[in-house]
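This is data25.cif (mmCIF, C-alpha atoms).
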```cif
data_entry
#
loop_
_atom_site.label_atom_id
_atom_site.label_comp_id
_atom_site.auth_asym_id
_atom_site.auth_seq_id
_atom_site.Cartn_x
_atom_site.Cartn_y
_atom_site.Cartn_z
CA MET A 1 -29.12 43.57 51.84
CA ASP A 2 -31.27 42.11 49.07
CA ARG A 3 -30.53 38.79 47.35
CA THR A 4 -28.88 40.41 44.31
CA ALA A 5 -26.56 42.45 46.48
CA GLN A 6 -25.63 39.36 48.50
CA LEU A 7 -24.67 37.46 45.36
CA THR A 8 -22.62 40.25 43.89
CA ALA A 9 -20.88 40.92 47.19
CA ARG A 10 -19.98 37.28 47.80
CA PRO A 11 -16.19 36.69 47.64
CA ALA A 12 -14.80 34.46 44.93
CA GLN A 13 -14.92 30.79 45.91
CA HIS A 14 -12.31 29.51 43.44
CA GLU A 15 -8.88 30.61 42.37
CA ILE A 16 -8.22 31.09 38.68
CA ALA A 17 -7.04 27.72 37.39
CA TYR A 18 -5.27 29.06 34.32
CA ASP A 19 -4.23 32.63 33.71
CA PRO A 20 -1.88 32.69 30.70
CA PRO A 21 0.79 35.38 30.66
CA THR A 22 0.25 38.29 28.32
CA GLY A 23 2.46 40.61 26.35
CA PRO A 24 4.78 40.26 23.34
CA GLN A 25 7.39 38.16 25.18
CA ALA A 26 4.81 35.69 26.47
CA THR A 27 3.24 35.35 23.01
CA ALA A 28 6.63 34.78 21.39
CA SER A 29 7.48 32.16 24.01
CA LEU A 30 4.26 30.25 23.37
CA HIS A 31 4.88 30.33 19.62
CA VAL A 32 8.42 29.02 20.05
CA ARG A 33 7.32 26.23 22.37
CA ALA A 34 4.52 25.21 20.00
CA ALA A 35 6.96 25.14 17.08
CA GLU A 36 9.36 23.03 19.13
CA VAL A 37 6.64 20.46 19.80
CA LEU A 38 5.79 20.25 16.11
CA GLU A 39 9.46 19.88 15.25
CA ALA A 40 10.03 17.15 17.86
CA ASN A 41 7.01 15.17 16.62
CA TRP A 42 7.81 15.45 12.91
CA THR A 43 8.64 12.07 11.32
CA GLY A 44 9.74 13.34 7.92
CA THR A 45 6.36 12.86 6.26
CA SER A 46 3.84 13.54 9.06
CA THR A 47 3.52 14.60 12.68
CA VAL A 48 2.62 12.29 15.56
CA PRO A 49 0.29 13.66 18.26
CA SER A 50 2.55 12.14 20.93
CA ARG A 51 5.78 10.18 20.61
CA ASN A 52 4.68 7.75 23.32
CA LEU A 53 0.91 7.64 23.67
CA TYR A 54 -0.01 8.28 20.02
CA PRO A 55 3.03 7.33 17.89
CA HIS A 56 1.27 7.13 14.50
CA GLN A 57 -0.56 9.59 12.23
CA TRP A 58 -4.11 10.49 13.22
CA SER A 59 -6.59 11.87 10.71
CA TRP A 60 -8.09 14.99 12.21
CA ASP A 61 -5.01 15.61 14.36
CA SER A 62 -3.03 15.96 11.13
CA ALA A 63 -5.59 18.38 9.73
CA PHE A 64 -5.27 20.65 12.76
CA ILE A 65 -1.50 20.16 12.84
CA ALA A 66 -1.32 21.26 9.19
CA ILE A 67 -3.29 24.39 10.06
CA GLY A 68 -0.63 25.20 12.64
CA LEU A 69 2.31 24.13 10.51
CA ARG A 70 1.32 26.53 7.74
CA HIS A 71 2.70 29.36 9.88
CA ILE A 72 6.09 27.64 10.16
CA SER A 73 6.48 25.66 6.95
CA PRO A 74 3.74 25.63 4.29
CA LEU A 75 5.65 22.82 2.56
CA ARG A 76 5.52 20.61 5.64
CA ALA A 77 1.85 21.47 6.12
CA GLN A 78 1.15 20.33 2.55
CA THR A 79 3.17 17.16 3.07
CA GLU A 80 1.21 16.40 6.26
CA LEU A 81 -2.08 16.34 4.38
CA GLU A 82 -0.65 14.59 1.33
CA THR A 83 0.70 11.76 3.50
CA LEU A 84 -2.66 11.28 5.17
CA LEU A 85 -4.69 11.36 1.96
CA ALA A 86 -2.30 8.90 0.29
CA ALA A 87 -3.71 6.29 2.70
CA GLN A 88 -7.30 6.85 1.54
CA TRP A 89 -9.37 3.76 0.76
CA ALA A 90 -10.91 3.21 -2.67
CA ASP A 91 -14.42 3.67 -1.24
CA GLY A 92 -13.40 7.20 -0.24
CA ARG A 93 -13.00 6.78 3.50
CA LEU A 94 -10.09 8.49 5.19
CA PRO A 95 -8.93 6.16 8.00
CA HIS A 96 -8.47 7.66 11.42
CA ILE A 97 -4.98 6.13 11.85
CA VAL A 98 -2.18 5.67 9.34
CA PHE A 99 0.35 3.33 10.93
CA ASN A 100 4.09 3.90 10.89
CA PRO A 101 5.70 0.51 10.12
CA SER A 102 8.80 1.42 12.12
CA VAL A 103 6.81 1.60 15.37
CA PRO A 104 6.69 -1.73 17.28
CA LEU A 105 3.28 -3.42 17.31
CA ASP A 106 3.06 -3.40 21.09
CA ALA A 107 3.64 0.38 21.30
CA TYR A 108 -0.01 1.13 20.56
CA PHE A 109 -3.30 -0.75 20.69
CA PRO A 110 -5.33 -1.33 18.58
CA SER A 111 -2.32 -1.99 16.37
CA PRO A 112 -2.20 -2.85 12.63
CA ASP A 113 -2.56 -6.56 13.36
CA PHE A 114 -5.89 -5.82 15.04
CA TRP A 115 -7.38 -3.72 12.24
CA ARG A 116 -6.04 -5.99 9.43
CA SER A 117 -6.90 -3.29 6.91
CA SER A 118 -5.19 -4.87 3.91
CA THR A 119 -7.16 -8.10 4.32
CA ALA A 120 -10.38 -7.28 6.19
CA GLY A 121 -10.71 -4.02 4.24
CA ARG A 122 -9.86 -5.47 0.84
CA ALA A 123 -13.45 -5.31 -0.46
CA ALA A 124 -13.69 -1.65 0.59
CA GLY A 125 -10.45 -0.83 -1.21
CA ALA A 126 -8.01 -0.48 1.67
CA PRO A 127 -4.50 0.31 0.42
CA ARG A 128 -2.04 -2.57 0.23
CA THR A 129 1.13 -0.56 0.74
CA VAL A 130 0.25 0.97 4.10
CA GLN A 131 -1.63 -0.28 7.16
CA THR A 132 -4.48 1.79 8.55
CA SER A 133 -7.44 1.58 10.87
CA GLY A 134 -10.89 1.07 9.37
CA ILE A 135 -12.90 3.82 11.06
CA VAL A 136 -12.90 7.55 10.36
CA GLN A 137 -12.89 10.93 12.10
CA PRO A 138 -14.61 14.31 11.50
CA PRO A 139 -14.05 15.76 7.99
CA VAL A 140 -12.02 18.88 8.79
CA HIS A 141 -9.49 18.20 6.03
CA ALA A 142 -10.93 20.37 3.25
CA LEU A 143 -10.77 23.41 5.51
CA ALA A 144 -7.20 22.51 6.46
CA ALA A 145 -6.20 22.13 2.81
CA TRP A 146 -7.68 25.52 1.92
CA LEU A 147 -5.94 27.31 4.81
CA VAL A 148 -2.64 25.63 3.94
CA HIS A 149 -3.03 26.72 0.32
CA ARG A 150 -3.75 30.30 1.40
CA ALA A 151 -0.56 30.34 3.48
CA ASP A 152 1.57 30.15 0.30
CA PRO A 153 -0.53 30.11 -2.88
CA GLY A 154 2.54 30.26 -5.11
CA LEU A 155 4.07 27.13 -3.59
CA SER A 156 0.69 25.42 -3.62
CA ARG A 157 0.15 26.09 -7.33
CA ALA A 158 3.73 25.15 -8.21
CA ARG A 159 3.31 21.78 -6.51
CA GLY A 160 -0.24 21.23 -7.73
CA PHE A 161 -1.29 20.86 -4.11
CA LEU A 162 -5.00 21.63 -4.38
CA ALA A 163 -5.32 20.05 -7.81
CA ARG A 164 -4.02 16.75 -6.44
CA LEU A 165 -5.94 16.84 -3.16
CA HIS A 166 -9.30 17.97 -4.53
CA PRO A 167 -10.36 14.59 -6.03
CA ARG A 168 -9.45 12.80 -2.81
CA LEU A 169 -11.27 15.31 -0.63
CA ALA A 170 -14.33 15.08 -2.87
CA ALA A 171 -14.27 11.28 -2.63
CA TRP A 172 -13.99 11.53 1.15
CA HIS A 173 -17.09 13.71 1.35
CA ARG A 174 -18.99 11.45 -1.07
CA TYR A 175 -18.19 8.50 1.18
CA LEU A 176 -19.75 10.27 4.15
CA LEU A 177 -22.75 11.39 2.10
CA HIS A 178 -23.54 8.10 0.40
CA ARG A 179 -22.10 5.39 2.69
CA ARG A 180 -22.66 6.85 6.14
CA ASP A 181 -26.09 8.48 5.88
CA LEU A 182 -27.62 5.27 7.20
CA GLY A 183 -30.88 6.89 8.31
CA GLY A 184 -31.45 8.86 5.12
CA ALA A 185 -31.85 12.14 7.00
CA GLY A 186 -28.63 13.81 5.91
CA LEU A 187 -26.78 12.97 9.12
CA VAL A 188 -23.50 11.07 9.11
CA SER A 189 -23.69 7.87 11.13
CA VAL A 190 -21.03 7.07 13.70
CA VAL A 191 -20.03 3.41 13.90
CA HIS A 192 -17.65 3.78 16.84
CA PRO A 193 -17.15 6.33 19.66
CA TRP A 194 -13.56 6.85 18.51
CA GLU A 195 -14.89 8.40 15.30
CA GLN A 196 -16.66 11.29 16.95
CA GLY A 197 -13.70 12.76 18.80
CA MET A 198 -15.71 12.72 22.02
CA ASP A 199 -15.39 9.06 22.96
CA ASN A 200 -15.12 9.79 26.70
CA SER A 201 -18.33 11.81 26.73
CA PRO A 202 -21.11 10.58 29.08
CA CYS A 203 -23.45 10.63 26.05
CA TRP A 204 -21.94 7.26 25.09
CA ASP A 205 -22.72 5.57 28.43
CA ALA A 206 -26.19 4.35 27.46
CA PRO A 207 -25.32 3.09 23.94
CA LEU A 208 -22.14 1.40 25.17
CA ALA A 209 -24.05 -0.34 27.97
CA ARG A 210 -25.77 -2.43 25.26
CA ILE A 211 -22.44 -3.74 23.93
CA THR A 212 -20.98 -7.00 25.21
CA PRO A 213 -17.32 -6.19 25.95
CA ALA A 214 -14.48 -8.16 24.42
CA PRO A 215 -12.78 -10.43 26.99
CA ALA A 216 -10.05 -8.59 28.88
CA ARG A 217 -7.56 -11.36 28.05
CA SER A 218 -8.07 -10.83 24.31
CA PHE A 219 -6.13 -7.55 24.19
CA ARG A 220 -3.50 -5.55 26.05
CA ARG A 221 -3.93 -1.83 26.59
CA ALA A 222 -0.77 0.09 25.74
CA ASP A 223 -2.28 3.45 26.75
CA LEU A 224 -1.92 2.66 30.45
CA ASP A 225 1.85 2.51 30.00
CA HIS A 226 1.86 6.23 29.25
CA GLY A 227 -1.22 7.71 30.96
CA ALA A 228 -2.68 7.60 34.45
CA PRO A 229 -5.53 5.04 34.66
CA GLU A 230 -7.86 7.62 36.21
CA ASP A 231 -7.43 9.78 33.11
CA ARG A 232 -8.09 6.94 30.68
CA PRO A 233 -11.23 4.92 29.80
CA THR A 234 -12.14 2.11 32.16
CA ASP A 235 -11.31 -1.49 31.25
CA LEU A 236 -15.04 -2.16 30.82
CA ASP A 237 -15.47 0.71 28.36
CA TYR A 238 -12.30 -0.27 26.54
CA GLY A 239 -13.61 -3.81 26.16
CA ARG A 240 -16.71 -2.39 24.52
CA TYR A 241 -14.62 -0.21 22.21
CA VAL A 242 -12.67 -3.30 21.15
CA ARG A 243 -15.86 -5.32 20.58
CA LEU A 244 -17.36 -2.64 18.31
CA ALA A 245 -14.17 -2.26 16.29
CA ALA A 246 -13.71 -6.03 15.95
CA ASP A 247 -17.31 -6.51 14.78
CA TYR A 248 -16.93 -3.77 12.18
CA ARG A 249 -13.65 -5.34 11.01
CA ASP A 250 -15.13 -8.83 10.87
CA GLY A 251 -17.96 -7.45 8.75
CA GLY A 252 -15.40 -6.34 6.17
CA TYR A 253 -15.79 -2.69 7.19
CA ARG A 254 -19.09 -2.61 5.34
CA ASP A 255 -21.43 0.27 6.09
CA GLY A 256 -25.17 -0.24 6.26
CA ALA A 257 -27.38 -3.03 7.48
CA GLY A 258 -24.89 -5.75 6.56
CA GLY A 259 -21.79 -4.22 8.10
CA GLY A 260 -20.78 -5.27 11.60
CA HIS A 261 -23.01 -6.41 14.45
CA GLY A 262 -23.88 -3.14 16.11
CA ARG A 263 -23.70 0.62 16.05
CA ALA A 264 -23.00 2.73 19.10
CA GLY A 265 -24.92 5.78 17.98
CA ARG A 266 -25.37 8.61 15.52
CA GLY A 267 -23.67 11.97 15.15
#
```
Using structure tokens, write down the structure that the file contains.
Amino acid sequence: MDRTAQLTARPAQHEIAYDPPTGPQATASLHVRAAEVLEANWTGTSTVPSRNLYPHQWSWDSAFIAIGLRHISPLRAQTELETLLAAQWADGRLPHIVFNPSVPLDAYFPSPDFWRSSTAGRAAGAPRTVQTSGIVQPPVHALAAWLVHRADPGLSRARGFLARLHPRLAAWHRYLLHRRDLGGAGLVSVVHPWEQGMDNSPCWDAPLARITPAPARSFRRADLDHGAPEDRPTDLDYGRYVRLAADYRDGGYRDGAGGGHGRAGRG
């Protein structure tokens, strides 16, 4: 038997890890369960990714949630994006977390008292009526807004949905174009691994190794209360995340050569 025949004749070494059920009933069941999750995580103005681990509003999570919500309630999908964009800073940035004031401070870290957006972000135009983080996430919001509009154009026009969101979305993209193109090559700079959406990727190992971690006693990780430690970042990596965020905050959330003490990489 030649080598090709041996390979093709070799029995499977692994069982299928995930084989979703098929058919109309299975599809309907998945849709119902997905809708139930969205309903359970709805706060009245936005949707939390997780009631325990992520109990606030996250930027690109809300964009993807709105894309899903448009199939259930276009009005709620519009409200999701409107709530997020209402927390936009005057410099155009869309913060990656909008904090719910009814959630206890110790339920999530870094909490509002760490980011200090209304004070540390004052020069950058952070809102005074809501607390946010100071970093951002990928700009998927314009696509989400368009898909939500297409789900019910009549409702969208009646509420002025796109007309109201367009200036904010344009400002968001201008922020990325003019404030975050630090190398001048048309690439958006990433100031923290949490911005990229791939913060646990090994590609961050080398850049993070250059960062002096914040002392372990200077913060308490709330994520370990809800997730298995082996599935979460190490304490050493978390200390480096905290150091980067604190330096950016202490630099007044300024972008460019004068903002913060270090950058973890580019994206």
At what distance in Å, to one decimal, does CA of Leu182 (chain A) lie from CA of Gly256 (chain A)? 6.1 Å
Using all atoms listed in the file, pick whichever of A:Gly68, A:Pro138, A:Gly44, A:Gly92 has the shortest atom-to-atom distance to Trp194 (chain A). A:Pro138
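Proximity of A:Ser111, A:Gln88, A:Ser218, A:Ser29 to Ala124 (chain A), computed with only C-alpha atoms, is greatest for A:Gln88.
Among A:Ala87, A:Val191, A:Ala158, A:Leu75, the residue with the shortest atom-to-atom distance to Gly125 (chain A), counting all atoms listed in the file, is A:Ala87.
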Output check: residues returned by the PyMOL selection byres ((chain A and resi 133) around 12), as number ranges by chain: A: 56-59, 87-89, 93-100, 109-121, 126-127, 130-132, 134-137, 194-195, 245-246, 248-249, 253
Enumerate, as an NGL selection string, the protein, DNA and RNA residues whose atoms approach (-11.0, -10.3, 27.3) to within 10 Å, taking into account all atoms listed in the file and the coordinate frame of the file. :A and (213-220 or 235-236 or 239 or 242-243)
What's the 10 Å shell around Leu38 (chain A), counting all atoms listed in the file, without same-chain residues fewer than 2 positions away, as a ChimeraX atom specification? /A:32-36,40-43,46-50,65-66,68-69,72
So which residues touch Gly160 (chain A) within 12 Å, counting only C-alpha atoms, skipping near sequence neighbours fewer than 4 positions away, as a VMD selection string? chain A and resid 75 78 82 149 153 to 156 164 to 166
Which value, in Å to one decimal, gives the distance between CA of Asp225 (chain A) and CA of Tyr54 (chain A)? 11.7 Å
Residues within 10 Å of Ala144 (chain A), all atoms listed in the file, excluding chain neighbours under 4 positions, as a PDB file with C-alpha atoms, in the frame of the given file:
```
ATOM      1  CA  TRP A  60      -8.090  14.990  12.210  1.00  0.00           C
ATOM      2  CA  SER A  62      -3.030  15.960  11.130  1.00  0.00           C
ATOM      3  CA  ALA A  63      -5.590  18.380   9.730  1.00  0.00           C
ATOM      4  CA  PHE A  64      -5.270  20.650  12.760  1.00  0.00           C
ATOM      5  CA  ILE A  65      -1.500  20.160  12.840  1.00  0.00           C
ATOM      6  CA  ALA A  66      -1.320  21.260   9.190  1.00  0.00           C
ATOM      7  CA  ILE A  67      -3.290  24.390  10.060  1.00  0.00           C
ATOM      8  CA  GLY A  68      -0.630  25.200  12.640  1.00  0.00           C
ATOM      9  CA  ARG A  70       1.320  26.530   7.740  1.00  0.00           C
ATOM     10  CA  ALA A  77       1.850  21.470   6.120  1.00  0.00           C
ATOM     11  CA  GLN A  78       1.150  20.330   2.550  1.00  0.00           C
ATOM     12  CA  LEU A  81      -2.080  16.340   4.380  1.00  0.00           C
ATOM     13  CA  PRO A 139     -14.050  15.760   7.990  1.00  0.00           C
ATOM     14  CA  VAL A 140     -12.020  18.880   8.790  1.00  0.00           C
ATOM     15  CA  VAL A 148      -2.640  25.630   3.940  1.00  0.00           C
ATOM     16  CA  HIS A 149      -3.030  26.720   0.320  1.00  0.00           C
ATOM     17  CA  ARG A 150      -3.750  30.300   1.400  1.00  0.00           C
TER      18      ARG A 150
END
```
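Proximity of A:Leu53, A:Leu30, A:Ala228, A:Arg76 to Ala151 (chain A), computed with only C-alpha atoms, is greatest for A:Arg76.
Between CA of Asn52 (chain A) and CA of His226 (chain A) the interatomic distance comes to 6.7 Å.
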Contact residues around region 196-203 of chain A with only C-alpha atoms at 8 Å, ignoring same-chain residues under 2 positions, as a PyMOL selection string: chain A and resi 137-138+190+192-194+205-206+233+267
How about saving the chosen residues, C-alpha atoms kept, as a tab-separated table (two decimals), keeping the file's coordinate frame?
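Once everything was written out, this is out_14.tsv:
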```tsv
chain	number	residue	atom	x	y	z
A	137	GLN	CA	-12.89	10.93	12.10
A	138	PRO	CA	-14.61	14.31	11.50
A	190	VAL	CA	-21.03	7.07	13.70
A	192	HIS	CA	-17.65	3.78	16.84
A	193	PRO	CA	-17.15	6.33	19.66
A	194	TRP	CA	-13.56	6.85	18.51
A	205	ASP	CA	-22.72	5.57	28.43
A	206	ALA	CA	-26.19	4.35	27.46
A	233	PRO	CA	-11.23	4.92	29.80
A	267	GLY	CA	-23.67	11.97	15.15
```
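Comparing the minimum interatomic distances between Leu169 (chain A) and each of A:Gly227, A:Ala86, A:Asp152, A:Ala107, counting only C-alpha atoms, we find that A:Ala86 sits nearest.
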Please return, as a list in words, all polymer residues that have at least one atom within 10 Å of the point (-22.7, -6.4, 23.4); use all atoms listed in the file and the file's own coordinate frame. Pro207, Leu208, Ala209, Arg210, Ile211, Thr212, Pro213, Ala214, Gly239, Arg240, Arg243, Leu244, His261 and Gly262 of chain A
Write out the residues from the selection above, keeping C-alpha atoms, as a CSV table (one decimal), keeping the file's coordinate frame.
```
chain,number,residue,atom,x,y,z
A,207,PRO,CA,-25.3,3.1,23.9
A,208,LEU,CA,-22.1,1.4,25.2
A,209,ALA,CA,-24.0,-0.3,28.0
A,210,ARG,CA,-25.8,-2.4,25.3
A,211,ILE,CA,-22.4,-3.7,23.9
A,212,THR,CA,-21.0,-7.0,25.2
A,213,PRO,CA,-17.3,-6.2,26.0
A,214,ALA,CA,-14.5,-8.2,24.4
A,239,GLY,CA,-13.6,-3.8,26.2
A,240,ARG,CA,-16.7,-2.4,24.5
A,243,ARG,CA,-15.9,-5.3,20.6
A,244,LEU,CA,-17.4,-2.6,18.3
A,261,HIS,CA,-23.0,-6.4,14.4
A,262,GLY,CA,-23.9,-3.1,16.1
```
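Residue nearest Asp250 (chain A) within the list A:Ala163, A:Ala28, A:Leu143, A:Ala123: A:Ala123 [criterion: smallest interatomic distance, all atoms listed in the file].
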